[in-house]
Amino acid sequence: MSIYSEIAKLEKENKTFAIATIISTKGSTPRTSAKMIVKSDSSIIGTIGGGIVESYVIEHALEAINANGSRVIEYKLNKEAKDGIHMDCGGDMAFFIEVVPSSVEIVIIGAGHVGNAVYKQACLLNYNTVMVDNSKTLVDEKRFPKARSIYIDEDIQVAINGVKINSNTCIVIVTRDCDEEALEAVIDSEAGYIGMIGSAKKVAKIMSRMRNKGEIEERINFINAPIGLDIGAETPEEIALSIMAEIMKVKSDKTGLVLKEIKKHE
C-alpha cells in the first residue's frame with residue numbers, strides 16, 4: 001500500500017498524525033527523497049532512511065503533534081560539527097513535518113427527533129457525524145446519508161463500544177430510554193465534550209447514581225447536563241441549535257455571552 005493510501009486511511013479514521021518529508025539534502029545522506037508517517041503513538045509507516053536521523057525525526061514529529069503545529073527541522077549528520085547529531089555521513093538534511101490533526105466529530109447517541117435535528121445542524125456546520133442507536137428502525141444510511149459511521153446494537157453500550165473516541169470527539173446523548181447507560185459507557189472516555197439531555201431532576205438522579213457507582217466528581221462535573229445553552233429552545237430544531245451552540249462554545253473556549261455586552265467592556 002502506498003504512503004498516500006495510508007494517509008487517506010488515517011484521515012478516514014479521523015486520526016491525528018504527522019507526515020515527515022525530506023525537502024532538501026546536501027552531501028552524503030541516507031535518503032534524498034522520501035516521506036514517513038508518524039502516528040501519535042510513535043509508530044511509523046514508511047522510512048526516511050532509518051538510523052539515528054529517523055529517531056530524531058520521530059521525536060520532533062511527536063513534539064509537533066503535541067503542539068499541533070507543523071515545522072521545518074534541519075540536521076547536520078556529523079558528530080564532529082557544532083549542533084551535529086551522532087552520525088558519520090557528514091551531510092545535511094531538512095524535513096517538513098506536517099501535522100494532520102483529527103477533525104471535530106459529533107457522536108450522536110440517539111436517532112430520534114432531537115438526534116435527527118442535531119445531525120442536520122452538525123452537517124450544516126460541516127462537522128463530521130457518527131450516529132449510534134439501539135434500534136435498526138431509526139438508523140440507516142438513507143436517513144443519515146452524511147454520517148461518517150453508523151453503529152447499531154440492541155445493547156446501546158455495545159453499539160457505543162464500536163465508536164473511536166478521542167479529544168476531538170463531542171458526544172451528544174439524546175436517547176429515548178437509555179441515557180444513563182449511554183453516559184456510563186462514555187463518561188471516562190477521552191471525549192472533549194459530553195452532553196446529555198434531560199430535566200434537571202432527571203439529571204440529578206442519574207448523577208447521584210453515577211456517584212454511587214464510584215464515578216469521581218471531576219468526571220461528573222465534566223458532563224454538560226442538561227445539555228445546551230439557555231435560549232428558550234422547545235422544538236427539536238431549537239434544541240439542536242442550543243446543543244451545537246454549546247459545543248462550539250466549549251470547543252472554542254469562548255464565553256457564550258452576548259457580543260454586545262462583551263464589546264461594552266473592551
# chains A, B, ... in the order shown; residues from 1 in each chain; ligands from 1
>>> residues_around(residues="Gln121 of chain A", least_positions_apart="2", cutoff="8 Å", atoms="only C-alpha atoms", output="count of residues only")
9
>>> select_by_dssp(residues="segment 62-259 of chain A", states="helix (DSSP H, G or I)", output="VMD selection string")
chain A and resid 62 to 67 113 to 124 156 to 161 179 to 186 200 to 212 217 to 222 236 to 252 259
>>> write_last_selection(atoms="C-alpha atoms", output="PDB file, in the first residue's frame")
ATOM      1  CA  LEU A  62       5.673  13.766  18.188  1.00  0.00           C
ATOM      2  CA  GLU A  63       6.517  17.188  19.621  1.00  0.00           C
ATOM      3  CA  ALA A  64       4.830  18.801  16.612  1.00  0.00           C
ATOM      4  CA  ILE A  65       1.736  16.624  17.096  1.00  0.00           C
ATOM      5  CA  ASN A  66       1.511  17.562  20.780  1.00  0.00           C
ATOM      6  CA  ALA A  67       1.895  21.251  19.895  1.00  0.00           C
ATOM      7  CA  HIS A 113     -36.391  13.675  16.737  1.00  0.00           C
ATOM      8  CA  VAL A 114     -33.710  15.595  18.643  1.00  0.00           C
ATOM      9  CA  GLY A 115     -30.872  13.351  17.442  1.00  0.00           C
ATOM     10  CA  ASN A 116     -32.009  13.806  13.856  1.00  0.00           C
ATOM     11  CA  ALA A 117     -32.160  17.583  14.314  1.00  0.00           C
ATOM     12  CA  VAL A 118     -28.669  17.639  15.857  1.00  0.00           C
ATOM     13  CA  TYR A 119     -27.374  15.599  12.903  1.00  0.00           C
ATOM     14  CA  LYS A 120     -28.820  18.096  10.415  1.00  0.00           C
ATOM     15  CA  GLN A 121     -27.446  21.072  12.344  1.00  0.00           C
ATOM     16  CA  ALA A 122     -23.995  19.465  12.614  1.00  0.00           C
ATOM     17  CA  CYS A 123     -23.967  18.726   8.886  1.00  0.00           C
ATOM     18  CA  LEU A 124     -24.964  22.323   8.162  1.00  0.00           C
ATOM     19  CA  ILE A 156     -26.586   0.668  23.482  1.00  0.00           C
ATOM     20  CA  GLN A 157     -23.289   0.166  25.318  1.00  0.00           C
ATOM     21  CA  VAL A 158     -22.217  -2.445  22.782  1.00  0.00           C
ATOM     22  CA  ALA A 159     -23.039  -0.022  19.978  1.00  0.00           C
ATOM     23  CA  ILE A 160     -21.052   2.740  21.689  1.00  0.00           C
ATOM     24  CA  ASN A 161     -18.031   0.486  22.164  1.00  0.00           C
ATOM     25  CA  ASP A 179     -29.373   7.949  28.517  1.00  0.00           C
ATOM     26  CA  GLU A 180     -27.886   6.628  31.754  1.00  0.00           C
ATOM     27  CA  GLU A 181     -26.459   3.519  30.093  1.00  0.00           C
ATOM     28  CA  ALA A 182     -25.004   5.659  27.321  1.00  0.00           C
ATOM     29  CA  LEU A 183     -23.441   8.078  29.793  1.00  0.00           C
ATOM     30  CA  GLU A 184     -21.943   5.218  31.776  1.00  0.00           C
ATOM     31  CA  ALA A 185     -20.263   3.956  28.596  1.00  0.00           C
ATOM     32  CA  VAL A 186     -18.593   7.285  27.727  1.00  0.00           C
ATOM     33  CA  ALA A 200     -32.700  18.990  35.998  1.00  0.00           C
ATOM     34  CA  LYS A 201     -34.449  16.396  38.194  1.00  0.00           C
ATOM     35  CA  LYS A 202     -33.615  13.509  35.853  1.00  0.00           C
ATOM     36  CA  VAL A 203     -30.007  14.636  35.505  1.00  0.00           C
ATOM     37  CA  ALA A 204     -29.592  14.935  39.285  1.00  0.00           C
ATOM     38  CA  LYS A 205     -30.839  11.353  39.793  1.00  0.00           C
ATOM     39  CA  ILE A 206     -28.513   9.961  37.116  1.00  0.00           C
ATOM     40  CA  MET A 207     -25.505  11.820  38.515  1.00  0.00           C
ATOM     41  CA  SER A 208     -26.329  10.572  42.010  1.00  0.00           C
ATOM     42  CA  ARG A 209     -26.342   7.014  40.732  1.00  0.00           C
ATOM     43  CA  MET A 210     -23.016   7.658  38.953  1.00  0.00           C
ATOM     44  CA  ARG A 211     -21.508   8.741  42.285  1.00  0.00           C
ATOM     45  CA  ASN A 212     -22.881   5.604  43.955  1.00  0.00           C
ATOM     46  CA  GLU A 217     -16.668  14.152  40.986  1.00  0.00           C
ATOM     47  CA  GLU A 218     -14.300  15.596  38.368  1.00  0.00           C
ATOM     48  CA  ARG A 219     -15.835  13.442  35.632  1.00  0.00           C
ATOM     49  CA  ILE A 220     -19.388  14.128  36.797  1.00  0.00           C
ATOM     50  CA  ASN A 221     -18.742  17.878  36.684  1.00  0.00           C
ATOM     51  CA  PHE A 222     -17.332  17.494  33.172  1.00  0.00           C
ATOM     52  CA  PRO A 236     -36.204  19.554  18.296  1.00  0.00           C
ATOM     53  CA  GLU A 237     -34.682  22.045  15.870  1.00  0.00           C
ATOM     54  CA  GLU A 238     -34.354  24.730  18.550  1.00  0.00           C
ATOM     55  CA  ILE A 239     -32.865  22.224  20.997  1.00  0.00           C
ATOM     56  CA  ALA A 240     -30.376  21.134  18.325  1.00  0.00           C
ATOM     57  CA  LEU A 241     -29.353  24.756  17.832  1.00  0.00           C
ATOM     58  CA  SER A 242     -28.765  25.219  21.570  1.00  0.00           C
ATOM     59  CA  ILE A 243     -26.721  21.990  21.695  1.00  0.00           C
ATOM     60  CA  MET A 244     -24.494  22.903  18.757  1.00  0.00           C
ATOM     61  CA  ALA A 245     -24.031  26.414  20.153  1.00  0.00           C
ATOM     62  CA  GLU A 246     -22.824  24.933  23.436  1.00  0.00           C
ATOM     63  CA  ILE A 247     -20.432  22.577  21.629  1.00  0.00           C
ATOM     64  CA  MET A 248     -18.974  25.494  19.676  1.00  0.00           C
ATOM     65  CA  LYS A 249     -18.642  27.489  22.913  1.00  0.00           C
ATOM     66  CA  VAL A 250     -16.773  24.659  24.658  1.00  0.00           C
ATOM     67  CA  LYS A 251     -14.520  23.734  21.730  1.00  0.00           C
ATOM     68  CA  SER A 252     -13.548  27.361  21.034  1.00  0.00           C
ATOM     69  CA  LEU A 259     -21.370  40.075  21.898  1.00  0.00           C
TER      70      LEU A 259
END
>>> closest_atom_pairs(of="segment 11-121 of chain A", to="segment 143-153 of chain A", cutoff="10 Å", atoms="only C-alpha atoms", output="Markdown table")
| residue | atom | partner | partner_atom | distance |
| --- | --- | --- | --- | --- |
| A:Lys12 | CA | A:Arg148 | CA | 8.5 |
| A:Glu13 | CA | A:Arg148 | CA | 9.3 |
| A:Asn14 | CA | A:Arg148 | CA | 9.8 |
| A:Glu105 | CA | A:Arg148 | CA | 9.0 |
| A:Ile106 | CA | A:Ala147 | CA | 9.6 |
| A:Val107 | CA | A:Ser149 | CA | 9.3 |
| A:Ile108 | CA | A:Ile150 | CA | 9.8 |
| A:Ile109 | CA | A:Tyr151 | CA | 9.3 |
| A:Ala111 | CA | A:Phe144 | CA | 9.4 |
| A:Asn116 | CA | A:Phe144 | CA | 8.2 |
| A:Tyr119 | CA | A:Phe144 | CA | 7.9 |
| A:Lys120 | CA | A:Phe144 | CA | 8.7 |
>>> atom_distance(atom1="atom CA of Ala61 of chain A", atom2="atom CA of Tyr127 of chain A")
26.7 Å
>>> closest_residue(among="A:Met36, A:Leu257, A:Ile262, A:Ile52", to="Phe95 of chain A", atoms="only C-alpha atoms")
A:Met36
>>> select_by_dssp(residues="segment 25-219 of chain A", states="strand (DSSP E)", output="MDAnalysis selection string")
chainID A and resid 25:26 35:39 44:46 71:76 92:100 105:109 128:133 149:152 169:173 193:196
>>> closest_residue(among="A:Ile187, A:Cys178, A:Cys89, A:Ile19", to="Glu215 of chain A", atoms="only C-alpha atoms")
A:Ile187
>>> closest_residue(among="A:Val258, A:Leu10, A:Ile216, A:Ile23", to="Ile231 of chain A", atoms="only C-alpha atoms")
A:Val258
>>> atom_distance(atom1="atom CA of Glu74 of chain A", atom2="atom CA of Ala8 of chain A")
27.1 Å
>>> residues_around(residues="Ile197 of chain A", least_positions_apart="3", cutoff="9 Å", atoms="only C-alpha atoms", output="list in words")
Val172, Ile173, Val174, Thr175, Asp179, Val203, Asn224, Ala225, Pro226, Ile227 and Gly228 of chain A
>>> write_last_selection(atoms="N, CA and C atoms", output="compact mmCIF listing (two decimals), in the first residue's frame")
# COMPACT_ATOMS: atom_id res chain seq x y z
N VAL A 172 -23.09 13.61 22.10
CA VAL A 172 -24.42 14.14 22.40
C VAL A 172 -25.34 12.96 22.72
N ILE A 173 -25.81 12.90 23.95
CA ILE A 173 -26.67 11.78 24.39
C ILE A 173 -28.12 12.25 24.41
N VAL A 174 -28.91 11.72 23.48
CA VAL A 174 -30.33 12.12 23.36
C VAL A 174 -31.17 10.89 23.02
N THR A 175 -31.03 9.83 23.82
CA THR A 175 -31.76 8.59 23.52
C THR A 175 -33.20 8.67 24.02
N ASP A 179 -30.38 6.90 28.32
CA ASP A 179 -29.37 7.95 28.52
C ASP A 179 -28.34 7.56 29.57
N VAL A 203 -31.47 14.57 35.52
CA VAL A 203 -30.01 14.64 35.50
C VAL A 203 -29.46 14.42 36.91
N ASN A 224 -21.98 18.01 30.51
CA ASN A 224 -22.88 19.13 30.27
C ASN A 224 -24.32 18.60 30.26
N ALA A 225 -24.96 18.71 31.41
CA ALA A 225 -26.32 18.19 31.53
C ALA A 225 -27.07 18.99 32.59
N PRO A 226 -28.27 19.46 32.26
CA PRO A 226 -28.94 19.33 30.97
C PRO A 226 -28.14 19.99 29.84
N ILE A 227 -28.18 19.40 28.69
CA ILE A 227 -27.38 19.82 27.56
C ILE A 227 -27.91 21.11 26.93
N GLY A 228 -27.01 21.90 26.34
CA GLY A 228 -27.41 23.06 25.56
C GLY A 228 -27.35 24.38 26.32
>>> residues_around(residues="Glu190 of chain A", least_positions_apart="5", cutoff="8 Å", atoms="only C-alpha atoms", output="number ranges by chain")
A: 165-167, 169
>>> atom_distance(atom1="atom CA of Val100 of chain A", atom2="atom CA of Ala20 of chain A")
10.9 Å
>>> closest_residue(among="A:Lys142, A:Arg71, A:Lys9, A:His86", to="Thr21 of chain A", atoms="only C-alpha atoms")
A:Arg71
>>> residues_around(residues="Lys15 of chain A", least_positions_apart="4", cutoff="7 Å", atoms="only C-alpha atoms", output="list in words")
Leu10, Glu11, Pro101 and Ser102 of chain A
